[in-house]
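I have placed the structure first, in the form of structure tokens, so that the comments after it can refer back to it.
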Amino acid sequence: MSRSQQRLLGLAVSVAVVAVLIVWFGWIFPTNYKSADTRLVAQAFYIGVAAMGLNILTGYNGQVSIGHGAFFGVGAYTTALLMDHEYTFLGITYGHVSFLGTLLPCAIVTFVIGALVGFPALRVKGLYLALVTLGLAVIFPDLATRFVKGTGGTSLVALTPTELAAPSWFADHFPSLSAQDQWAYTMCFALAIVGLVGVWVIARSRFGRSLIAVRDHEAAASSVGIDLARTKVLAFALSAMYAGIAGSLSVLVLFNASADKVETFQNSIEFLVALVIGGTATVIGPIIGGFAVVYIDKWTKDAFPSKPVLSPAIFGIALIVLMYVLPDGVVGGSRRLFAWSRRTLQTRRARPAAPATPATPASTR
Amino acid sequence: MALFFTQLLTGIQNGAVYASLAIALVLIFRTTGILNFAQGEMALFSTYLLWKFTDSGLTVWLAIIITMAISFVGGALIERVVIRPVEQSSALVIVIVTIGLFLAINSLAQVIYGSGQRAVPTFYPHHIWRPGGVIISSDTLVLVGVLAIECLLLFLLLQRTKLGLAFRGVSGNAESSRLLGVPVGRILMVGWGLSAAVGALAGAMAIPTTAGLVPSSMQQILVFAFAAAAIGGFDSVVGAVVGGIIVGVADALTIGYVNALHGIDLVVPFGLILLVLLFRPAGLFGSTHVERV
């Protein structure tokens with residue numbers, strides 16, 4: 001087979017795989033599985049979306065954030081409040097919006113907040129920046145508790161079944177996807193695809209390249225004409241927007257928006273874990289990480305149903321072991337495996353063996 | 001004015017605890033170069049040990065010393081067994097490993113010691129003085145005193161002993177130290193061990209002044225310790241102490257005076273972090289690195 005034939009075959013195989021995955025996750029899975037399963041996978045998708053956002057910031061741009069739980073929470077609140085409440089602003093009454101109608105406001109709000117948080121990042125770097133973002137995750141629940149007037153006077157905004165249900169146009173077009181859990185799942189799936197394509201485009205764009213250049217060497221990047229400030233702030237804003245949309249999606253799956261202190265911090269950590277397990281600075285890694293986080297959590301909970309306090313221990317140990325085995329994430333690990341198998345095949349075919357080339361797993365980052 | 005001084009003292013007392021845990025963070029940062037998320041939970045586990053010892057009738061100060069010794073060994077073992085295999089990986093990977101440790105240690109503490117509230121006794125009598133309306137608690141005096149002794153001992157250890165010289169060498173440049181014959185691996189273990197022992201002391205000092213020991217006891221303290229270390233600079237013990245006191249006092253004064261920030265007083269320490277870092281990106285006492293192109 002010539003090289004061009006090989007490439008064509010590779011392209012055909014990847015198109016086929018993507019088509020099968022879309023049909024499976026978009027249609028076969030939600031119509032054939034129980035609501036408990038679709039909810040779990042929906043969760044994996046929105047954690048994946050949040051991790052994609054973190055990937056833009058941490059993976060491609062090298063700025064670590066442990067505060068994305070706050071952006072996630074802002075997104076969740078924006079959606080929940082717009083769906084549940086009514087606001088009069090400048091004489092115009094606005095509220096009881098459909099879920100899809102909340103996405104744009106949510107994206108705008110989190111984008112702007114993200115940009116604002118990005119400004120300190122122009123001066124503060126690395127660990128110190130991570131601590132500033134941690135502050136965000138710590139303060140957000142307090143702010144929400146103080147200022148959000150949710151259900152029954154608490155900061156929790158619970159939505160009614162009618163608000164959460166699939167809109168009629170959707171139910172009319174796709175009657176076999178019209179149950180609430182299927183609607184929630186479909187939204188998570190669809191937006192995960194949109195997010196995935198978004199990251200793919202960003203990673204290949206001029207902006208994506210400048211993100212990587214700034215991560216790898218700031219001074220060198222600025223000397224070739226990259227606007228450091230613009231790049232970093234935009235990375236923060238986009239990243240926050242992804243996390244915010246993930247928060248919106250979570251409302252459909254969890255039925256409410258809440259600002260629990262522990263939960264906000266845990267979310268921040270969970271996104272980081274998903275990103276690193278999946279593979280930083282890879283397009284597909286975060287979504288794989290989302291699945292990994294959700295399912296490892298489920299399995300550890302199922303392993304000792306009588307001892308729920310033990311499950312975080314198993315989760316923690318699983319995390320450590322994963323980092324030993326796959327320090328470059330699932331995607332990095334499979335790349336290494338692929339490169340290794342190709343090398344061994346080649347050397348077997350062409351003896352005496354040429355000197356083995358060292359593995360370069362991160363070369364395409 | 002009495003309220004002011006009372007709040008100031010409360011702030012200093014809390015600050016001493018934050019400073020103590022922040023020192024533990026700094027010791028690990030200087031050796032391994034990472035932020036140890038499990039620091040609070042390591043201290044939590046140590047404090048459970050302390051509770052177990054005192055509960056079985058041991059004298060409190062003796063129990064504290066034994067706990068610190070065990071914590072030293074435990075910390076060194078964690079470095080050797082858990083951290084060493086990923087030492088060469090990226091910082092993000094090591095951070096995830098410490099998050100795994102965080103989850104595992106917290107959950108193990110609950111499995112072993114239960115999730116109920118445990119009372120940890122103090123080694124000194126509790127007393128309150130009220131000169132002119134200002135409330136002075138013996139807790140404050142002892143906590144500040146212990147912090148001062150701790151700093152003095154650490155100073156002597158780091159600046160006046162051969163071990164301390166090796167420690168500073170490794171934190172400055174591990175590769176060169178290795179070439180000069182410093183057993184880097186063992187020094188890293190010592191760093192983690194010291195850090196665990198200092199953390200244990202922080203737990204032993206902090207918990208008796210609260211309602212009791214619960215599995216989430218150290219989490220808020222850890223967040224404040226992060227703040228303290230960030231303000232002071234992650235590679236400076238002095239910075240950790242100053243940062244801890246600043247954070248503690250700022251928080252206490254906000255609670256005492258600023259009604260508008262009721263319920264959101266955490267805005268103050270983190271606003272302070274932001275402010276300090278904007279002017280000094282490596283903290284008040286941290287060292288900055290100059291990069292070559």
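Just remember, in the structure tokens the first chain shown is A, the second B, etc., residues are 1-based per chain, and ligands are 1-based in the order shown.
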
Residues of chain B that approach chain A to 8 Å or less, counting only C-alpha atoms: could you list each one with the shortest pair of atoms and its distance in Å to one decimal, rows by chain and increasing residue number, as CSV?
```
residue,atom,partner,partner_atom,distance
B:Leu35,CA,A:Leu127,CA,7.5
B:Val82,CA,A:Ile320,CA,8.0
B:Pro85,CA,A:Tyr324,CA,6.9
B:Val86,CA,A:Tyr324,CA,6.5
B:Ser89,CA,A:Pro327,CA,6.9
B:Leu92,CA,A:Val276,CA,7.6
B:Val93,CA,A:Pro327,CA,6.4
B:Ile96,CA,A:Val273,CA,6.5
B:Val97,CA,A:Ile320,CA,5.0
B:Ile99,CA,A:Gly316,CA,7.2
B:Gly100,CA,A:Gly316,CA,3.8
B:Leu101,CA,A:Gly316,CA,6.0
B:Phe102,CA,A:Gly316,CA,7.4
B:Leu103,CA,A:Gly316,CA,5.1
B:Ala104,CA,A:Ala313,CA,3.7
B:Ile105,CA,A:Ala313,CA,6.9
B:Asn106,CA,A:Ala313,CA,7.6
B:Ser107,CA,A:Ala313,CA,5.2
B:Leu108,CA,A:Ala313,CA,6.3
B:Gln110,CA,A:Val309,CA,6.8
B:Val111,CA,A:Val309,CA,6.5
B:Phe226,CA,A:Leu131,CA,7.0
B:Ala227,CA,A:Leu131,CA,7.1
B:Ala230,CA,A:Tyr128,CA,6.0
B:Gly263,CA,A:Asp142,CA,6.4
B:Ile264,CA,A:Asp142,CA,5.3
B:Leu266,CA,A:Ile139,CA,6.1
B:Val267,CA,A:Ile139,CA,6.2
B:Phe270,CA,A:Gly135,CA,5.6
B:Ile273,CA,A:Val132,CA,7.1
B:Leu274,CA,A:Val132,CA,6.5
B:Leu277,CA,A:Val124,CA,6.3
B:Leu278,CA,A:Arg123,CA,6.2
B:Pro281,CA,A:Val124,CA,5.1
B:Ala282,CA,A:Tyr128,CA,7.3
B:Val293,CA,A:Ala220,CA,6.6
```

Next item on the list: Would you mind listing what lies within 12 Å of Thr32 (chain B) as an MDAnalysis selection string, with only C-alpha atoms counted and same-chain residues fewer than 4 positions away left out?
Entry: chainID B and resid 25:28 36 79:80 83:84 86:91 94:95 98 167 170:174 184:185 187:192 195 234:235

Grab the residues selected above and save them as a short mmCIF file (atom, residue, chain, number, x, y, z; two decimals), in the first residue's frame with N, CA and C atoms.
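What follows is the written file selection39.cif:
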```cif
data_model
loop_
_atom_site.label_atom_id
_atom_site.label_comp_id
_atom_site.auth_asym_id
_atom_site.auth_seq_id
_atom_site.Cartn_x
_atom_site.Cartn_y
_atom_site.Cartn_z
N LEU B 25 3.33 23.37 54.57
CA LEU B 25 3.21 23.46 53.11
C LEU B 25 4.53 23.93 52.49
N VAL B 26 5.14 24.93 53.15
CA VAL B 26 6.38 25.51 52.62
C VAL B 26 7.49 24.46 52.60
N LEU B 27 7.58 23.65 53.68
CA LEU B 27 8.65 22.65 53.75
C LEU B 27 8.54 21.68 52.58
N ILE B 28 7.31 21.29 52.24
CA ILE B 28 7.15 20.37 51.11
C ILE B 28 7.37 21.09 49.80
N ASN B 36 0.97 20.64 48.40
CA ASN B 36 0.48 19.37 48.92
C ASN B 36 -0.96 19.50 49.41
N GLU B 79 6.44 10.07 51.27
CA GLU B 79 7.33 10.56 50.21
C GLU B 79 7.97 9.39 49.47
N ARG B 80 8.52 8.44 50.24
CA ARG B 80 9.27 7.34 49.64
C ARG B 80 8.36 6.43 48.81
N ILE B 83 5.08 9.32 46.62
CA ILE B 83 5.47 10.46 45.78
C ILE B 83 6.66 10.13 44.88
N ARG B 84 7.63 9.33 45.41
CA ARG B 84 8.86 9.05 44.66
C ARG B 84 8.59 8.52 43.24
N VAL B 86 6.38 9.21 41.11
CA VAL B 86 5.95 10.21 40.13
C VAL B 86 6.80 11.47 40.20
N GLU B 87 7.94 11.37 40.93
CA GLU B 87 8.77 12.54 41.17
C GLU B 87 9.19 13.23 39.87
N GLN B 88 9.44 12.42 38.83
CA GLN B 88 9.93 12.99 37.57
C GLN B 88 8.80 13.50 36.67
N SER B 89 7.55 13.21 37.05
CA SER B 89 6.44 13.61 36.20
C SER B 89 6.16 15.10 36.34
N SER B 90 5.19 15.59 35.57
CA SER B 90 4.86 17.01 35.62
C SER B 90 4.21 17.33 36.97
N ALA B 91 4.27 18.63 37.32
CA ALA B 91 3.74 19.05 38.61
C ALA B 91 2.26 18.70 38.74
N ILE B 94 1.76 15.21 40.02
CA ILE B 94 2.04 15.07 41.45
C ILE B 94 0.89 15.68 42.27
N VAL B 95 0.35 16.80 41.77
CA VAL B 95 -0.78 17.42 42.47
C VAL B 95 -1.97 16.46 42.51
N THR B 98 -1.43 13.98 45.15
CA THR B 98 -1.71 14.46 46.51
C THR B 98 -3.22 14.61 46.73
N PHE B 167 19.49 20.19 53.28
CA PHE B 167 18.09 20.48 52.93
C PHE B 167 18.01 21.72 52.06
N VAL B 170 19.36 21.01 48.58
CA VAL B 170 18.42 20.28 47.71
C VAL B 170 17.31 21.20 47.23
N SER B 171 16.81 22.07 48.13
CA SER B 171 15.71 22.93 47.69
C SER B 171 16.21 23.99 46.72
N GLY B 172 17.50 24.33 46.80
CA GLY B 172 18.04 25.29 45.85
C GLY B 172 18.33 24.66 44.50
N ASN B 173 19.02 23.55 44.51
CA ASN B 173 19.35 22.89 43.26
C ASN B 173 19.65 21.42 43.53
N ALA B 174 18.64 20.58 43.25
CA ALA B 174 18.75 19.16 43.60
C ALA B 174 19.88 18.49 42.83
N VAL B 184 20.00 13.00 48.04
CA VAL B 184 18.80 13.80 47.77
C VAL B 184 17.53 13.08 48.21
N GLY B 185 17.45 11.78 47.89
CA GLY B 185 16.25 11.02 48.24
C GLY B 185 15.96 11.09 49.73
N ILE B 187 16.98 13.32 51.83
CA ILE B 187 16.62 14.69 52.24
C ILE B 187 15.14 14.97 51.93
N LEU B 188 14.69 14.48 50.76
CA LEU B 188 13.27 14.66 50.43
C LEU B 188 12.39 14.00 51.48
N MET B 189 12.81 12.79 51.92
CA MET B 189 12.03 12.10 52.95
C MET B 189 12.00 12.93 54.23
N VAL B 190 13.17 13.52 54.57
CA VAL B 190 13.22 14.34 55.78
C VAL B 190 12.28 15.53 55.64
N GLY B 191 12.27 16.16 54.44
CA GLY B 191 11.39 17.30 54.21
C GLY B 191 9.93 16.94 54.45
N TRP B 192 9.52 15.84 53.86
CA TRP B 192 8.12 15.42 54.05
C TRP B 192 7.85 15.05 55.50
N SER B 195 7.57 18.14 57.56
CA SER B 195 6.31 18.78 57.23
C SER B 195 5.15 18.09 57.94
N PHE B 234 5.76 31.04 48.66
CA PHE B 234 5.72 29.61 48.95
C PHE B 234 7.03 29.02 49.40
N ASP B 235 8.14 29.73 49.20
CA ASP B 235 9.40 29.12 49.59
C ASP B 235 10.00 29.80 50.82
#
```

Item checked: Point-to-point distance in Å for CA of Leu201 (chain B) and CA of Ser217 (chain B) -> 14.4 Å

Notebook entry, point to check: Could you pull out all residues of region 57-271 of chain B with a DSSP call of strand (DSSP E or B) and give them as a ChimeraX atom specification?
Noted result: /B:118,128-129,136-137,213

Those residues with N, CA and C atoms, as a PDB file, in the first residue's frame please?
```pdb
ATOM      1  N   ARG B 118     -14.780  14.181  68.314  1.00  0.00           N
ATOM      2  CA  ARG B 118     -13.851  13.723  69.361  1.00  0.00           C
ATOM      3  C   ARG B 118     -13.256  14.936  70.062  1.00  0.00           C
ATOM      4  N   ILE B 128      -9.027  32.635  81.171  1.00  0.00           N
ATOM      5  CA  ILE B 128      -9.293  33.876  80.430  1.00  0.00           C
ATOM      6  C   ILE B 128      -9.053  35.066  81.345  1.00  0.00           C
ATOM      7  N   TRP B 129      -8.235  36.004  80.846  1.00  0.00           N
ATOM      8  CA  TRP B 129      -8.036  37.255  81.579  1.00  0.00           C
ATOM      9  C   TRP B 129      -8.859  38.341  80.910  1.00  0.00           C
ATOM     10  N   ILE B 136      -8.410  38.030  76.942  1.00  0.00           N
ATOM     11  CA  ILE B 136      -7.157  37.352  76.602  1.00  0.00           C
ATOM     12  C   ILE B 136      -7.272  35.907  77.059  1.00  0.00           C
ATOM     13  N   SER B 137      -7.162  34.992  76.118  1.00  0.00           N
ATOM     14  CA  SER B 137      -7.287  33.580  76.460  1.00  0.00           C
ATOM     15  C   SER B 137      -5.906  32.958  76.553  1.00  0.00           C
ATOM     16  N   LEU B 213     -12.857  17.280  67.255  1.00  0.00           N
ATOM     17  CA  LEU B 213     -12.253  16.770  66.039  1.00  0.00           C
ATOM     18  C   LEU B 213     -13.291  16.040  65.197  1.00  0.00           C
TER      19      LEU B 213
END
```

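Each of A:Leu191, A:Val251, A:Leu177, A:Ala115 was compared to Leu57 (chain A) using only C-alpha atoms, and A:Ala115 turns out to be the nearest.
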
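Atom pair CA of Ile287 (chain A) / CA of Ala51 (chain A) has a distance of 7.3 Å (rounded to one decimal).
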
Checklist line | Polymer residues at most 8 Å from region 165-167 of chain A, only C-alpha atoms, same-chain spacing of 6 or more positions, as number ranges by chain | finding: A: 98, 178-180, 183-184

How would the residues just picked look written out with N, CA and C atoms as a PDB file, in the first residue's frame?
```pdb
ATOM      1  N   SER A  98     -36.906  29.158  28.466  1.00  0.00           N
ATOM      2  CA  SER A  98     -36.663  27.740  28.225  1.00  0.00           C
ATOM      3  C   SER A  98     -35.172  27.456  28.416  1.00  0.00           C
ATOM      4  N   SER A 178     -38.302  11.762  24.355  1.00  0.00           N
ATOM      5  CA  SER A 178     -38.995  12.887  24.979  1.00  0.00           C
ATOM      6  C   SER A 178     -39.058  12.811  26.504  1.00  0.00           C
ATOM      7  N   ALA A 179     -38.623  11.676  27.096  1.00  0.00           N
ATOM      8  CA  ALA A 179     -38.624  11.620  28.566  1.00  0.00           C
ATOM      9  C   ALA A 179     -37.619  12.636  29.109  1.00  0.00           C
ATOM     10  N   GLN A 180     -37.807  13.078  30.372  1.00  0.00           N
ATOM     11  CA  GLN A 180     -36.938  14.128  30.904  1.00  0.00           C
ATOM     12  C   GLN A 180     -35.468  13.713  30.878  1.00  0.00           C
ATOM     13  N   TRP A 183     -34.123  13.917  27.385  1.00  0.00           N
ATOM     14  CA  TRP A 183     -33.922  15.318  26.979  1.00  0.00           C
ATOM     15  C   TRP A 183     -32.632  15.859  27.585  1.00  0.00           C
ATOM     16  N   ALA A 184     -32.464  15.617  28.874  1.00  0.00           N
ATOM     17  CA  ALA A 184     -31.248  16.082  29.546  1.00  0.00           C
ATOM     18  C   ALA A 184     -30.020  15.458  28.907  1.00  0.00           C
TER      19      ALA A 184
END
```

Next item on the list: Determine, counting only C-alpha atoms, which protein, DNA and RNA residues have an atom within 7 Å of an atom of Gly279 (chain A); residues of the same chain fewer than 3 positions away are not included. Present the result as a PyMOL selection string.
Entry: chain A and resi 275-276+282+285-286+328-332

Please, could you write that set of residues out with C-alpha atoms as a short mmCIF file (atom, residue, chain, number, x, y, z; two decimals), in the first residue's frame?
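selection-v5.cif, written as the output of this step:
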```
data_model
loop_
_atom_site.label_atom_id
_atom_site.label_comp_id
_atom_site.auth_asym_id
_atom_site.auth_seq_id
_atom_site.Cartn_x
_atom_site.Cartn_y
_atom_site.Cartn_z
CA LEU A 275 -8.45 16.54 32.53
CA VAL A 276 -5.29 14.84 33.78
CA THR A 282 -5.49 16.70 23.78
CA GLY A 285 -8.87 13.59 26.53
CA PRO A 286 -11.23 15.63 28.73
CA ASP A 328 0.28 11.38 30.40
CA GLY A 329 -3.38 10.37 30.59
CA VAL A 330 -5.40 7.84 28.64
CA VAL A 331 -4.73 9.59 25.33
CA GLY A 332 -1.00 9.91 25.96
#
```

Return as a PDB file with C-alpha atoms, in the first residue's frame the full set of residues in region 127-225 of chain B whose backbone-based DSSP assignment is helix (DSSP H, G or I).
```
ATOM      1  CA  PRO B 131      -7.894  43.454  81.601  1.00  0.00           C
ATOM      2  CA  GLY B 132     -10.088  46.461  80.742  1.00  0.00           C
ATOM      3  CA  GLY B 133     -12.658  44.440  78.808  1.00  0.00           C
ATOM      4  CA  SER B 138      -4.505  31.260  77.518  1.00  0.00           C
ATOM      5  CA  ASP B 139      -5.046  29.573  74.141  1.00  0.00           C
ATOM      6  CA  THR B 140      -3.721  32.630  72.362  1.00  0.00           C
ATOM      7  CA  LEU B 141      -0.613  32.861  74.512  1.00  0.00           C
ATOM      8  CA  VAL B 142       0.216  29.165  74.241  1.00  0.00           C
ATOM      9  CA  LEU B 143      -0.419  29.004  70.490  1.00  0.00           C
ATOM     10  CA  VAL B 144       1.777  31.988  69.798  1.00  0.00           C
ATOM     11  CA  GLY B 145       4.441  30.633  72.159  1.00  0.00           C
ATOM     12  CA  VAL B 146       4.425  27.217  70.479  1.00  0.00           C
ATOM     13  CA  LEU B 147       4.669  28.857  67.062  1.00  0.00           C
ATOM     14  CA  ALA B 148       7.654  30.913  68.248  1.00  0.00           C
ATOM     15  CA  ILE B 149       9.450  27.831  69.616  1.00  0.00           C
ATOM     16  CA  GLU B 150       8.636  25.906  66.452  1.00  0.00           C
ATOM     17  CA  CYS B 151      10.117  28.665  64.306  1.00  0.00           C
ATOM     18  CA  LEU B 152      13.219  28.880  66.476  1.00  0.00           C
ATOM     19  CA  LEU B 153      13.817  25.120  66.276  1.00  0.00           C
ATOM     20  CA  LEU B 154      13.255  25.111  62.524  1.00  0.00           C
ATOM     21  CA  PHE B 155      15.638  28.031  62.146  1.00  0.00           C
ATOM     22  CA  LEU B 156      18.312  26.225  64.156  1.00  0.00           C
ATOM     23  CA  LEU B 157      17.746  23.024  62.215  1.00  0.00           C
ATOM     24  CA  LEU B 158      17.852  24.649  58.781  1.00  0.00           C
ATOM     25  CA  GLN B 159      20.602  27.203  59.378  1.00  0.00           C
ATOM     26  CA  ARG B 160      22.884  25.630  61.964  1.00  0.00           C
ATOM     27  CA  LYS B 162      24.612  19.857  58.435  1.00  0.00           C
ATOM     28  CA  LEU B 163      21.205  18.314  57.721  1.00  0.00           C
ATOM     29  CA  GLY B 164      19.719  21.784  57.309  1.00  0.00           C
ATOM     30  CA  LEU B 165      22.521  22.744  54.934  1.00  0.00           C
ATOM     31  CA  ALA B 166      21.798  19.652  52.827  1.00  0.00           C
ATOM     32  CA  PHE B 167      18.093  20.476  52.935  1.00  0.00           C
ATOM     33  CA  ARG B 168      18.696  24.004  51.688  1.00  0.00           C
ATOM     34  CA  GLY B 169      21.043  22.665  49.049  1.00  0.00           C
ATOM     35  CA  VAL B 170      18.423  20.279  47.714  1.00  0.00           C
ATOM     36  CA  SER B 171      15.711  22.925  47.690  1.00  0.00           C
ATOM     37  CA  GLY B 172      18.042  25.292  45.855  1.00  0.00           C
ATOM     38  CA  ALA B 174      18.749  19.165  43.599  1.00  0.00           C
ATOM     39  CA  GLU B 175      21.029  18.158  40.701  1.00  0.00           C
ATOM     40  CA  SER B 176      24.095  20.034  41.952  1.00  0.00           C
ATOM     41  CA  SER B 177      23.507  18.738  45.472  1.00  0.00           C
ATOM     42  CA  ARG B 178      23.433  15.184  44.145  1.00  0.00           C
ATOM     43  CA  LEU B 179      26.751  15.755  42.405  1.00  0.00           C
ATOM     44  CA  VAL B 184      18.801  13.799  47.774  1.00  0.00           C
ATOM     45  CA  GLY B 185      16.252  11.023  48.243  1.00  0.00           C
ATOM     46  CA  ARG B 186      16.810  10.897  51.977  1.00  0.00           C
ATOM     47  CA  ILE B 187      16.621  14.687  52.238  1.00  0.00           C
ATOM     48  CA  LEU B 188      13.275  14.657  50.427  1.00  0.00           C
ATOM     49  CA  MET B 189      12.030  12.103  52.952  1.00  0.00           C
ATOM     50  CA  VAL B 190      13.224  14.345  55.776  1.00  0.00           C
ATOM     51  CA  GLY B 191      11.388  17.296  54.207  1.00  0.00           C
ATOM     52  CA  TRP B 192       8.123  15.420  54.051  1.00  0.00           C
ATOM     53  CA  GLY B 193       8.651  13.989  57.515  1.00  0.00           C
ATOM     54  CA  LEU B 194       9.331  17.414  59.012  1.00  0.00           C
ATOM     55  CA  SER B 195       6.315  18.781  57.234  1.00  0.00           C
ATOM     56  CA  ALA B 196       4.067  16.024  58.577  1.00  0.00           C
ATOM     57  CA  ALA B 197       5.389  16.578  62.117  1.00  0.00           C
ATOM     58  CA  VAL B 198       4.828  20.345  61.897  1.00  0.00           C
ATOM     59  CA  GLY B 199       1.342  19.686  60.529  1.00  0.00           C
ATOM     60  CA  ALA B 200       0.639  17.317  63.419  1.00  0.00           C
ATOM     61  CA  LEU B 201       1.626  20.070  65.838  1.00  0.00           C
ATOM     62  CA  ALA B 202      -0.718  22.467  64.044  1.00  0.00           C
ATOM     63  CA  GLY B 203      -3.572  19.998  64.441  1.00  0.00           C
ATOM     64  CA  ALA B 204      -2.708  19.359  68.082  1.00  0.00           C
ATOM     65  CA  MET B 205      -2.781  23.100  68.789  1.00  0.00           C
ATOM     66  CA  ALA B 206      -5.816  24.010  66.699  1.00  0.00           C
ATOM     67  CA  ILE B 207      -8.348  21.297  67.442  1.00  0.00           C
ATOM     68  CA  PRO B 208      -8.575  21.681  71.268  1.00  0.00           C
ATOM     69  CA  THR B 209      -9.630  25.335  70.780  1.00  0.00           C
ATOM     70  CA  SER B 217     -11.809  19.764  60.794  1.00  0.00           C
ATOM     71  CA  MET B 218      -8.708  20.610  58.820  1.00  0.00           C
ATOM     72  CA  GLN B 219     -10.230  21.641  55.503  1.00  0.00           C
ATOM     73  CA  GLN B 220     -11.059  25.243  56.338  1.00  0.00           C
ATOM     74  CA  ILE B 221      -7.712  25.581  58.111  1.00  0.00           C
ATOM     75  CA  LEU B 222      -5.953  24.243  55.021  1.00  0.00           C
ATOM     76  CA  VAL B 223      -7.638  26.830  52.806  1.00  0.00           C
ATOM     77  CA  PHE B 224      -6.443  29.587  55.126  1.00  0.00           C
ATOM     78  CA  ALA B 225      -2.986  28.036  55.218  1.00  0.00           C
TER      79      ALA B 225
END
```
